[in-house]
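Everything below concerns the one structure shown next.
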Amino acid sequence: MLRHQDLIARMTLEEKIRLCSGASYWTTEAMPRHGIRSIFLSDGPHGLRKQVTERVDHLGANASLPATCFPTASAVASTWDLDLVRQMGEALGAEAVLQDVNVLLGPGVNMKRNPLCGRNFEYFSEDPYLAGKMAAAWIQGLQSQGVGASLKHFALNNQELYRMSTDVLVDERALREYYLPAFEIAVKEARPATVMCAYNKVEGTYCSDNRRLLTEILREEWGFDGVVVTDWGAMNDRVAAFQAGTDLEMPGSQGRWDREVLEAVRSGRLDEAFIDASVDRLLTLIERTTRGTKASLPPDLFDRHHELARRIAAAGAVLLKNDGPVLPLKAGESLAVIGELARTPRYQGAGSSQVVPTRLDSLLDGLRRYVPGVPFAAGYTLRDLPDQALVDEAVALAQKVHTVILCIGLPPAYEGEGFDRPHMRLPENQVALVEALARANPRIVVVLAGGSAIEMPWADRVQAILHMHLAGQAGGLAAADLLFGKENPSGKLAETYPFRYEDVVSSSYYLKPPKQAAYLESFYCGYRYFATAGVPVRYPFGFGLSYTRFEYSDLQVRRTGEYDVEVTASITNAGEYDGAEVVQLYVAPKTGGAYRPVRELKGFSKIHLKRGETGQVSFRLDRRSFAIYDPARREWVVEAGRYDLEVGASSQDIRLSATIHLQGVEPARTPCSGWYYTLNGVPSKKDFITIHPDYPEYVPQTRGTYDMTSSVREMQETSLLLRLVYRVLKREAVKHLGVRADPEDPAFKMAVESAATTPLRALVLFDPKSLPLALAEFLVEWANGRRLRALGMLLRRRAKRAG
């Protein structure tokens with residue numbers, strides 16, 4: 001039964017179709033005749049990016065209104081603090097109301113399958129339970145202000161290269177147990193107003209057309225009752241998308257699909273009921289997201305949010321090393337600050353989430369609040385070029401002081417939307433500076449910036465490492481508070497930091513080939529792989545130091561149902577500082593049946609304790625905490641047998657454990673390759689087909705096989721014409737986005753990569769005036785070598801216009 005049946009009955013078919021496509025880049029259609037309001041959708045998982053000028057884009061290159069830039073998701077997840085994340089959501093909602101934004105496009109909960117994904121900074125974690133809980137809290141906070149969330153990118157958008165056309169192959173257990181649970185938790189616990197479908201294909205079907213994902217799983221299994229909106233330009237086939245459950249196409253394609261949909265309904269190929277259902281959900285979305293009021297917003301809103309951003313940045317910072325201990329710094333200690341990133345902060349990622357901050361405090365700003373006039377040397381440039389004069393200046397300064405605060409990290413060009421990282425290393429000029437300073441001064445405290453895992457072969461050369469991630473506009477103040485002990489570090493890593501990229505199980509085949517992503521490793525990502533395979537890492541998932549120390553004791557386990565379990569433990573602050581500890585609960589199956597990770601996170605609690613104080617943490621486990629997905633039965637099952645409950649300070653620092661025995665299905669080894677039990681070496685296609693039999697051979701497109709899903713980059717080698725088109729396309733993309741032609745500028749990299757790898761079908765949707773459908777079809781025919789046919793198409797189109 002439709003909620004708005006009477007209104008829908010009064011609308012014409014053309015009006016209903018038009019309502020399901022954006023009116024502009026950021027708005028939906030208004031239909032005053034029916035009392036239907038337009039709503040505004042805006043980017044912003046960690047801050048609003050509302051564009052109000054004529055120049056608009058989905059890559060963060062053009063101007064937007066100032067808004068609080070909170071820490072990015074990688075930093076937020078490291079807080080492990082759901083109350084704090086909920087407050088952040090509330091603050092984002094308040095700013096959305098202030099700027100007349102109805103739907104905020106976030107949060108992103110895609111799994112960090114590989115550390116080179118250029119957009120990892122915008123995702124919470126490598127663990128689905130942690131990511132799901134973070135997303136649910138964020139959504140609850142945001143939607144409490146009358147603003148809708150858009151949970152994204154559904155699903156399996158785990159690379160940036162060819163993200164608009166890559167085909168993901170994943171076994172059913174990995175899909176259900178690893179890649180979907182974060183979405184499932186957020187949908188069931190927070191009821192987001194919208195879910196955003198991803199660009200990519202899953203098992204050969206684009207997400208916008210994927211009925212299994214959008215209807216069978218999302219709506220029928222999980223009970224989602226909101227709107228499915230495309231990522232910007234993700235629409236593949238509007239008729240198939242209506243049938244799959246995609247409601248809203250963004251941005252509007254200026255009628256590109258409307259005619260096809262109208263013809264499909266009239267011919268009987270598309271049931272009008274699909275359109276009615278989408279319209280009904282859109283009308284409900286409008287009702288849900290147009291209730292916010294500015295009257296209750298405080299006049300000092302941005303000041304309050306700046307302080308909240310400072311608190312979140314401090315809570316998410318992770319103390320990775322503290323020999324001595326050298327931290328916290330002592331009053332009167334002779335200090336120097338070195339590193340260009342201390343003066344020019346890297347506080348957010350590049351792309352659609354890029355925010356114009358209301359203010360910005362660097363690390364140098366923060367430190368000078370504690371030590372006015374503290375000396376500074378740049379040490380390096382943000383371009384990875386050697387500069388011996390800067391190194392010499394930094395070394396000379398380091399030799400004059402007791403302790404060096406060295407700020408290093410990933411420059412903006414190293415990670416961002418639209419491109420993946422080439423490696424996990426810091427720039428060579430920064431590593432060279434670390435080595436030079438280590439020879440000059442034995443007391444070096446590194447303040448690290450970056451949105452994803454980083455190799456640290458230099459870690460043994462420094463005394464302390466404080467990882468700030470991408471800490472938002474107040475990150476410099478938060479870092480200074482932590483260095484001087486005003487705040488005690490309490491963050492824990494939400495992803496594993498391996499010794500080197502080659503230790504990552506997918507390192508040898510990630511992005512190879514870029515348009516077919518076979519997840520050979522199944523769900524063995526992050527700590528699930530490293531802990532199970534016994535591969536040592538530099539810093540494990542869940543790790544983080546404090547200025548104090550915590551003792552764990554008195555583990556209690558109480559069964560309250562067949563699979564319902566309550567777990568409690570006592571935590572004592574046995575050190576000299578007040579602090580907070582993130583206590584983590586892992587379930588370690590010992591059933592001897594299906595292949596599984598050695599342990600998985602199933603609960604966490606952040607407890608704040610004064611020095612000498614003891615408190616209790618508690619966790620609740622249920623059937624899903626122990627279950628695996630059985631593809632044959634198509635349901636979740638619990639294997640009978642032993643399960644260890646492990647309480648610890650990280651995934652590798654287990655302090656307490658207990659054992660329970662559960663009833664369930666008889667454990668049985670999975671009939672598959674032994675790799676999934678031993679994790680010995682690198683998985684192969686031969687291994688993968690034992691858990692995913694349907695593995696089509698990847699055949700790169702060549703002359704004669706190109707179509708509208710091909711990019712100009714792929715077709716450029718076919719002729720001089722296509723090479724010229726490729727050059728023009730890149731130039732026009734840079735011009736349209738208003739960025740400098742500078743390879744070190746992330747906006748330039750995004751513009752070029754986006755233009756080069758975007759399928760023609762999406763380019764037509766983004767800018768049908770510059771690239772009409774007829775011209776795109778001509779280019780495809782020309783690239784395929786059918787040049788007479790291509791010319792004939794153009795001539796017929798011109799004659800039709802003239803007639």
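By order of appearance in the structure tokens: chains A, B, ..., then residues from 1 within every chain, and ligands from 1 in the order shown.
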
Strand (DSSP E or B) call set, DSSP backbone run, segment 40-283 of chain A, as JSON, numbers by chain: {"A": [40, 41, 42, 43, 49, 67, 103, 104, 105, 108, 123, 148, 149, 150, 151, 152, 153, 154, 167, 168, 169, 194, 195, 196, 197, 201, 202, 205, 206, 227, 228, 229, 230, 248, 249]}

Restricting it to N, CA and C atoms, dump the selection as a compact mmCIF listing (two decimals), in the first residue's frame.
# COMPACT_ATOMS: atom_id res chain seq x y z
N PHE A 40 17.50 19.67 -1.13
CA PHE A 40 18.90 19.88 -1.50
C PHE A 40 19.73 18.77 -0.87
N LEU A 41 20.54 18.11 -1.70
CA LEU A 41 21.47 17.08 -1.24
C LEU A 41 22.88 17.65 -1.33
N SER A 42 23.70 17.37 -0.31
CA SER A 42 25.04 17.95 -0.27
C SER A 42 26.05 16.94 0.24
N ASP A 43 27.26 17.04 -0.32
CA ASP A 43 28.36 16.20 0.18
C ASP A 43 28.67 16.54 1.63
N ARG A 49 29.61 20.42 2.21
CA ARG A 49 30.23 20.99 1.02
C ARG A 49 29.10 21.47 0.11
N ALA A 67 32.08 25.64 6.38
CA ALA A 67 31.43 24.74 7.34
C ALA A 67 32.51 24.14 8.23
N VAL A 103 19.56 16.54 2.78
CA VAL A 103 20.19 15.22 2.84
C VAL A 103 21.70 15.41 2.75
N LEU A 104 22.40 14.82 3.72
CA LEU A 104 23.86 14.88 3.74
C LEU A 104 24.41 13.54 3.25
N LEU A 105 25.30 13.60 2.28
CA LEU A 105 25.76 12.39 1.60
C LEU A 105 26.87 11.70 2.40
N GLY A 108 30.32 6.99 4.82
CA GLY A 108 30.84 5.93 3.97
C GLY A 108 31.32 4.76 4.82
N TYR A 123 36.49 6.33 4.88
CA TYR A 123 35.82 5.14 5.41
C TYR A 123 36.31 4.87 6.82
N GLY A 148 18.35 14.12 6.53
CA GLY A 148 18.53 12.73 6.12
C GLY A 148 19.97 12.37 5.85
N ALA A 149 20.34 11.14 6.16
CA ALA A 149 21.67 10.63 5.83
C ALA A 149 21.60 9.85 4.52
N SER A 150 22.78 9.63 3.92
CA SER A 150 22.87 8.79 2.72
C SER A 150 24.02 7.81 2.92
N LEU A 151 23.70 6.64 3.39
CA LEU A 151 24.68 5.60 3.67
C LEU A 151 25.30 5.14 2.36
N LYS A 152 26.64 5.13 2.28
CA LYS A 152 27.29 4.88 0.99
C LYS A 152 28.57 4.07 1.18
N HIS A 153 29.11 3.49 0.10
CA HIS A 153 28.63 3.36 -1.28
C HIS A 153 28.24 1.90 -1.43
N PHE A 154 26.97 1.64 -1.65
CA PHE A 154 26.42 0.29 -1.60
C PHE A 154 26.48 -0.34 -2.97
N ASP A 167 34.25 -4.58 -12.30
CA ASP A 167 33.31 -5.64 -11.95
C ASP A 167 33.89 -6.43 -10.78
N VAL A 168 33.18 -6.44 -9.66
CA VAL A 168 33.66 -7.10 -8.45
C VAL A 168 33.14 -8.54 -8.40
N LEU A 169 34.05 -9.47 -8.21
CA LEU A 169 33.71 -10.87 -8.01
C LEU A 169 34.04 -11.23 -6.57
N THR A 194 18.32 7.62 3.25
CA THR A 194 18.68 7.14 1.92
C THR A 194 19.89 6.23 2.00
N VAL A 195 20.03 5.41 0.97
CA VAL A 195 21.24 4.62 0.74
C VAL A 195 21.71 4.95 -0.67
N MET A 196 23.00 5.18 -0.81
CA MET A 196 23.57 5.53 -2.11
C MET A 196 24.18 4.30 -2.76
N CYS A 197 23.73 3.99 -3.96
CA CYS A 197 24.31 2.85 -4.67
C CYS A 197 25.64 3.26 -5.29
N LYS A 201 30.20 -2.54 -10.82
CA LYS A 201 29.39 -3.74 -11.01
C LYS A 201 29.67 -4.71 -9.87
N VAL A 202 28.70 -5.55 -9.58
CA VAL A 202 28.88 -6.69 -8.69
C VAL A 202 28.41 -7.93 -9.45
N THR A 205 26.72 -7.04 -12.83
CA THR A 205 25.58 -6.12 -12.87
C THR A 205 25.91 -4.84 -12.13
N TYR A 206 25.70 -3.69 -12.79
CA TYR A 206 25.95 -2.41 -12.13
C TYR A 206 25.08 -2.30 -10.88
N VAL A 227 14.95 5.81 0.54
CA VAL A 227 15.19 6.04 -0.88
C VAL A 227 16.59 5.52 -1.25
N VAL A 228 16.68 4.84 -2.37
CA VAL A 228 17.98 4.51 -2.96
C VAL A 228 18.30 5.57 -3.99
N VAL A 229 19.42 6.26 -3.80
CA VAL A 229 19.86 7.31 -4.72
C VAL A 229 21.17 6.86 -5.36
N THR A 230 21.37 7.20 -6.61
CA THR A 230 22.63 6.84 -7.25
C THR A 230 23.76 7.72 -6.75
N LEU A 248 16.09 7.41 -7.10
CA LEU A 248 16.44 8.78 -7.50
C LEU A 248 17.76 8.78 -8.25
N GLU A 249 17.74 9.33 -9.45
CA GLU A 249 18.96 9.49 -10.24
C GLU A 249 19.55 10.87 -9.97

Within 12 Å of segment 388-405 of chain A using only C-alpha atoms, minus same-chain residues under 2 positions, as a PyMOL selection string: chain A and resi 326-330+332-342+363-364+367+374-381+385-386+407-408+429-448+462-466+479-480+483-484

Do a neighbour search on Ala762 of chain A at 12 Å with only C-alpha atoms, toss out local chain neighbours closer than 5 positions, and write the hits as a CSV table (one decimal) with N, CA, C and O atoms, in the first residue's frame.
chain,number,residue,atom,x,y,z
A,163,ARG,N,36.6,3.0,-11.0
A,163,ARG,CA,35.5,2.7,-10.0
A,163,ARG,C,34.1,2.7,-10.7
A,163,ARG,O,33.2,2.1,-10.2
A,164,MET,N,34.0,3.4,-11.8
A,164,MET,CA,32.7,3.5,-12.5
A,164,MET,C,32.4,2.3,-13.4
A,164,MET,O,31.3,2.2,-14.0
A,165,SER,N,33.4,1.4,-13.6
A,165,SER,CA,33.2,0.3,-14.5
A,165,SER,C,33.7,-1.0,-14.0
A,165,SER,O,33.5,-2.1,-14.7
A,199,TYR,N,29.1,3.0,-7.9
A,199,TYR,CA,29.4,3.0,-9.3
A,199,TYR,C,29.6,1.7,-10.0
A,199,TYR,O,29.1,1.4,-11.1
A,230,THR,N,21.4,7.2,-6.6
A,230,THR,CA,22.6,6.8,-7.3
A,230,THR,C,23.8,7.7,-6.7
A,230,THR,O,23.5,8.9,-6.4
A,231,ASP,N,25.0,7.2,-6.8
A,231,ASP,CA,26.1,8.1,-6.7
A,231,ASP,C,26.1,8.9,-7.9
A,231,ASP,O,25.4,8.6,-8.9
A,232,TRP,N,26.8,10.1,-7.9
A,232,TRP,CA,26.6,11.1,-9.0
A,232,TRP,C,27.2,10.5,-10.3
A,232,TRP,O,28.4,10.3,-10.5
A,233,GLY,N,26.2,10.2,-11.2
A,233,GLY,CA,26.6,9.7,-12.5
A,233,GLY,C,26.7,8.2,-12.6
A,233,GLY,O,27.2,7.6,-13.5
A,234,ALA,N,26.1,7.5,-11.5
A,234,ALA,CA,26.2,6.0,-11.5
A,234,ALA,C,25.1,5.3,-12.2
A,234,ALA,O,25.1,4.1,-12.3
A,235,MET,N,24.1,6.1,-12.7
A,235,MET,CA,23.0,5.4,-13.4
A,235,MET,C,23.5,4.7,-14.7
A,235,MET,O,24.2,5.3,-15.5
A,236,ASN,N,23.1,3.4,-14.8
A,236,ASN,CA,23.6,2.7,-16.0
A,236,ASN,C,22.4,2.5,-17.0
A,236,ASN,O,22.5,2.8,-18.2
A,237,ASP,N,21.3,2.0,-16.5
A,237,ASP,CA,20.1,1.7,-17.3
A,237,ASP,C,18.9,2.0,-16.5
A,237,ASP,O,18.5,1.3,-15.5
A,249,GLU,N,17.7,9.3,-9.4
A,249,GLU,CA,19.0,9.5,-10.2
A,249,GLU,C,19.5,10.9,-10.0
A,249,GLU,O,18.9,11.9,-10.1
A,250,MET,N,20.8,10.9,-9.6
A,250,MET,CA,21.5,12.2,-9.4
A,250,MET,C,22.9,12.1,-10.1
A,250,MET,O,23.5,11.1,-10.1
A,251,PRO,N,23.3,13.3,-10.7
A,251,PRO,CA,22.4,14.5,-10.8
A,251,PRO,C,21.4,14.2,-11.9
A,251,PRO,O,21.4,13.2,-12.6
A,252,GLY,N,20.6,15.2,-12.2
A,252,GLY,CA,19.6,15.1,-13.2
A,252,GLY,C,20.3,14.9,-14.6
A,252,GLY,O,21.3,15.6,-14.8
A,253,SER,N,19.7,14.1,-15.5
A,253,SER,CA,20.4,13.9,-16.8
A,253,SER,C,19.6,14.7,-17.9
A,253,SER,O,19.8,14.4,-19.1
A,256,ARG,N,17.6,12.8,-20.3
A,256,ARG,CA,18.3,11.7,-21.1
A,256,ARG,C,17.5,10.4,-20.9
A,256,ARG,O,17.4,9.6,-21.9
A,708,MET,N,29.3,1.8,-24.7
A,708,MET,CA,29.1,3.0,-23.9
A,708,MET,C,29.7,2.9,-22.5
A,708,MET,O,29.8,3.9,-21.8
A,709,THR,N,30.1,1.7,-22.1
A,709,THR,CA,30.7,1.5,-20.8
A,709,THR,C,32.2,1.7,-20.9
A,709,THR,O,32.9,1.7,-19.9
A,710,SER,N,32.8,1.9,-22.1
A,710,SER,CA,34.2,2.1,-22.3
A,710,SER,C,34.5,3.6,-22.0
A,710,SER,O,33.7,4.5,-22.2
A,711,SER,N,35.8,3.8,-21.6
A,711,SER,CA,36.3,5.2,-21.4
A,711,SER,C,37.1,5.6,-22.6
A,711,SER,O,37.6,4.8,-23.4
A,712,VAL,N,37.3,6.9,-22.7
A,712,VAL,CA,38.1,7.5,-23.8
A,712,VAL,C,39.6,7.0,-23.7
A,712,VAL,O,40.2,6.8,-24.7
A,754,SER,N,39.5,11.3,-13.5
A,754,SER,CA,38.0,11.1,-13.6
A,754,SER,C,37.6,11.2,-15.1
A,754,SER,O,36.8,10.4,-15.6
A,755,ALA,N,38.2,12.2,-15.8
A,755,ALA,CA,37.8,12.3,-17.2
A,755,ALA,C,38.3,11.1,-18.0
A,755,ALA,O,37.6,10.7,-18.9
A,756,ALA,N,39.5,10.6,-17.7
A,756,ALA,CA,40.1,9.6,-18.5
A,756,ALA,C,39.4,8.2,-18.3
A,756,ALA,O,39.4,7.4,-19.2
A,757,THR,N,38.9,8.0,-17.1
A,757,THR,CA,38.4,6.6,-16.8
A,757,THR,C,36.9,6.5,-16.7
A,757,THR,O,36.3,5.4,-16.5
A,767,ASP,N,27.3,15.9,-18.6
A,767,ASP,CA,27.3,17.1,-19.4
A,767,ASP,C,26.8,16.8,-20.8
A,767,ASP,O,27.6,16.7,-21.7
A,768,PRO,N,25.5,16.6,-20.9
A,768,PRO,CA,24.9,16.2,-22.2
A,768,PRO,C,25.0,17.3,-23.3
A,768,PRO,O,24.9,17.0,-24.5
A,771,LEU,N,28.8,16.8,-24.4
A,771,LEU,CA,29.0,15.5,-25.0
A,771,LEU,C,27.6,14.9,-25.2
A,771,LEU,O,27.1,14.1,-24.4
A,772,PRO,N,26.9,15.3,-26.3
A,772,PRO,CA,25.6,14.7,-26.6
A,772,PRO,C,25.7,13.2,-26.8
A,772,PRO,O,26.8,12.6,-27.2
A,773,LEU,N,24.6,12.5,-26.6
A,773,LEU,CA,24.6,11.0,-26.8
A,773,LEU,C,25.0,10.7,-28.2
A,773,LEU,O,25.7,9.7,-28.4
A,776,ALA,N,28.7,10.7,-28.5
A,776,ALA,CA,29.3,9.6,-27.8
A,776,ALA,C,29.2,8.3,-28.6
A,776,ALA,O,30.1,7.5,-28.7

Residue nearest Leu213 of chain A - candidates A:Glu732, A:Glu646, A:Glu184, A:Glu272, atoms counted: only C-alpha atoms: A:Glu184

All residues 12 Å or closer to Arg669 of chain A, only C-alpha atoms, same chain fewer than 6 positions away omitted, as a ChimeraX atom specification: /A:591-596,639,676-677

For the selection you just gave me, I'd like the residues written to a file as a compact mmCIF listing (two decimals), in the first residue's frame, keeping N, CA, C and O atoms.
# COMPACT_ATOMS: atom_id res chain seq x y z
N THR A 591 35.60 -24.49 16.47
CA THR A 591 34.68 -25.59 16.16
C THR A 591 35.29 -26.62 15.21
O THR A 591 34.78 -27.74 15.10
N GLY A 592 36.33 -26.23 14.48
CA GLY A 592 36.94 -27.16 13.54
C GLY A 592 36.14 -27.38 12.28
O GLY A 592 36.41 -28.33 11.54
N GLY A 593 35.18 -26.50 12.01
CA GLY A 593 34.34 -26.66 10.82
C GLY A 593 34.75 -25.77 9.68
O GLY A 593 35.86 -25.90 9.15
N ALA A 594 33.87 -24.86 9.26
CA ALA A 594 34.13 -23.97 8.14
C ALA A 594 35.36 -23.10 8.41
O ALA A 594 35.69 -22.80 9.56
N TYR A 595 36.04 -22.70 7.34
CA TYR A 595 37.18 -21.80 7.50
C TYR A 595 36.70 -20.46 8.02
O TYR A 595 35.66 -19.95 7.62
N ARG A 596 37.47 -19.90 8.95
CA ARG A 596 37.10 -18.63 9.59
C ARG A 596 38.35 -17.90 10.06
O ARG A 596 39.39 -18.53 10.30
N GLU A 639 27.71 -22.93 14.19
CA GLU A 639 28.29 -24.26 14.30
C GLU A 639 28.39 -24.66 15.77
O GLU A 639 28.76 -23.84 16.63
N TYR A 676 42.26 -21.44 2.09
CA TYR A 676 41.35 -20.72 2.98
C TYR A 676 41.42 -21.22 4.42
O TYR A 676 40.86 -20.58 5.32
N TYR A 677 42.12 -22.31 4.64
CA TYR A 677 42.39 -22.80 5.99
C TYR A 677 43.81 -22.45 6.44
O TYR A 677 44.04 -22.08 7.59

Would you tabulate, counting only C-alpha atoms, all residues of segment 505-586 of chain A that have an atom at most 6 Å from an atom of segment 598-612 of chain A, showing the closest pair of atoms and their distance in Å to one decimal, sorted by chain then ascending number, as a tab-separated table?
residue	atom	partner	partner_atom	distance
A:Thr532	CA	A:Val598	CA	5.0
A:Asn573	CA	A:Gly612	CA	5.2
A:Ala574	CA	A:Gly612	CA	5.5
A:Glu576	CA	A:Arg611	CA	5.8
A:Tyr577	CA	A:Arg611	CA	5.4
A:Asp578	CA	A:Lys610	CA	4.2
A:Gly579	CA	A:Leu609	CA	5.6
A:Ala580	CA	A:His608	CA	4.1
A:Glu581	CA	A:Ile607	CA	5.5
A:Val582	CA	A:Lys606	CA	4.3
A:Val583	CA	A:Ser605	CA	5.3
A:Gln584	CA	A:Phe604	CA	4.4
A:Leu585	CA	A:Gly603	CA	4.9
A:Tyr586	CA	A:Leu601	CA	4.4

Distance criterion (only C-alpha atoms): nearest to Glu502 of chain A out of A:Leu794, A:Leu721, A:Ala640, A:Val535: A:Val535

Helix (DSSP H, G or I) positions in segment 146-291 of chain A, given as a VMD selection string: chain A and resid 172 to 179 181 to 190 207 to 209 211 to 221 238 to 244 258 to 267 272 to 288

For segment 15-20 of chain A: contacts at 9 Å, only C-alpha atoms, fewer than 5 positions along chain excluded, given as a PyMOL selection string: chain A and resi 8+28-31+247-250+252+255+258+261-262+275-276+278-279+282

Show me a table, sorted first by chain and then by increasing residue number, of the residues of segment 28-85 of chain A having an atom at most 12 Å from segment 491-498 of chain A, each with its shortest atom pair and the distance in Å to one decimal, counting only C-alpha atoms and written as CSV.
residue,atom,partner,partner_atom,distance
A:Ala73,CA,A:Ala494,CA,9.9
A:Ser74,CA,A:Ala494,CA,7.2
A:Ala75,CA,A:Ala494,CA,8.4
A:Val76,CA,A:Ala494,CA,9.2
A:Ala77,CA,A:Ala494,CA,6.1
A:Ser78,CA,A:Lys492,CA,5.1
A:Thr79,CA,A:Gly491,CA,4.9
A:Trp80,CA,A:Gly491,CA,7.2
A:Asp81,CA,A:Gly491,CA,9.1

Create the file for the chosen residues now, containing C-alpha atoms and written as an mmCIF file, in the first residue's frame.
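Contents of part_12.cif, as written:
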data_model
loop_
_atom_site.group_PDB
_atom_site.id
_atom_site.type_symbol
_atom_site.label_atom_id
_atom_site.label_comp_id
_atom_site.auth_asym_id
_atom_site.auth_seq_id
_atom_site.Cartn_x
_atom_site.Cartn_y
_atom_site.Cartn_z
ATOM 1 C CA ALA A 73 36.244 8.911 9.141
ATOM 2 C CA SER A 74 39.602 7.197 9.672
ATOM 3 C CA ALA A 75 40.241 9.524 12.621
ATOM 4 C CA VAL A 76 36.662 9.375 13.906
ATOM 5 C CA ALA A 77 36.663 5.570 13.985
ATOM 6 C CA SER A 78 39.876 5.663 16.018
ATOM 7 C CA THR A 79 37.951 7.318 18.864
ATOM 8 C CA TRP A 80 35.869 4.123 19.338
ATOM 9 C CA ASP A 81 33.487 6.530 21.083
#

Separation of atom CA of Gly366 of chain A from atom CA of Glu428 of chain A in Å: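 A separation of 26.9 Å between them.
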
Residue nearest Phe688 of chain A - candidates A:Ala155, A:Ala588, A:Cys672, A:Leu729, atoms counted: only C-alpha atoms: A:Cys672

Residues within 8 Å of Leu297 of chain A, only C-alpha atoms, excluding chain neighbours under 4 positions, as a list in words: Ala94, Leu98, Thr293 and Leu301 of chain A

d(atom CA of Tyr501 of chain A, atom CA of Tyr129 of chain A) in Å: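 Computing the Euclidean distance for atom CA of Tyr501 of chain A and atom CA of Tyr129 of chain A yields 24.4 Å.
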
Using only C-alpha atoms: which of A:Gly44, A:Glu14, A:Arg346, A:Gly472 has the shortest distance to Ala413 of chain A: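 The answer is A:Arg346, which sits nearest to Ala413 of chain A.
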
Two-atom distance - atom CA of Arg173 of chain A, atom CA of Tyr529 of chain A (Å): 15.2 Å

Best match for closeness to Phe183 of chain A among A:Trp222, A:Phe778, A:Phe543, A:Tyr552, counting only C-alpha atoms: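 Under the stated criterion, the closest residue is A:Trp222.
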
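Using only C-alpha atoms for every distance, the candidate list A:Pro412, A:Gly648, A:Gly268, A:Pro357 yields A:Gly648 as the residue closest to Leu555 of chain A.
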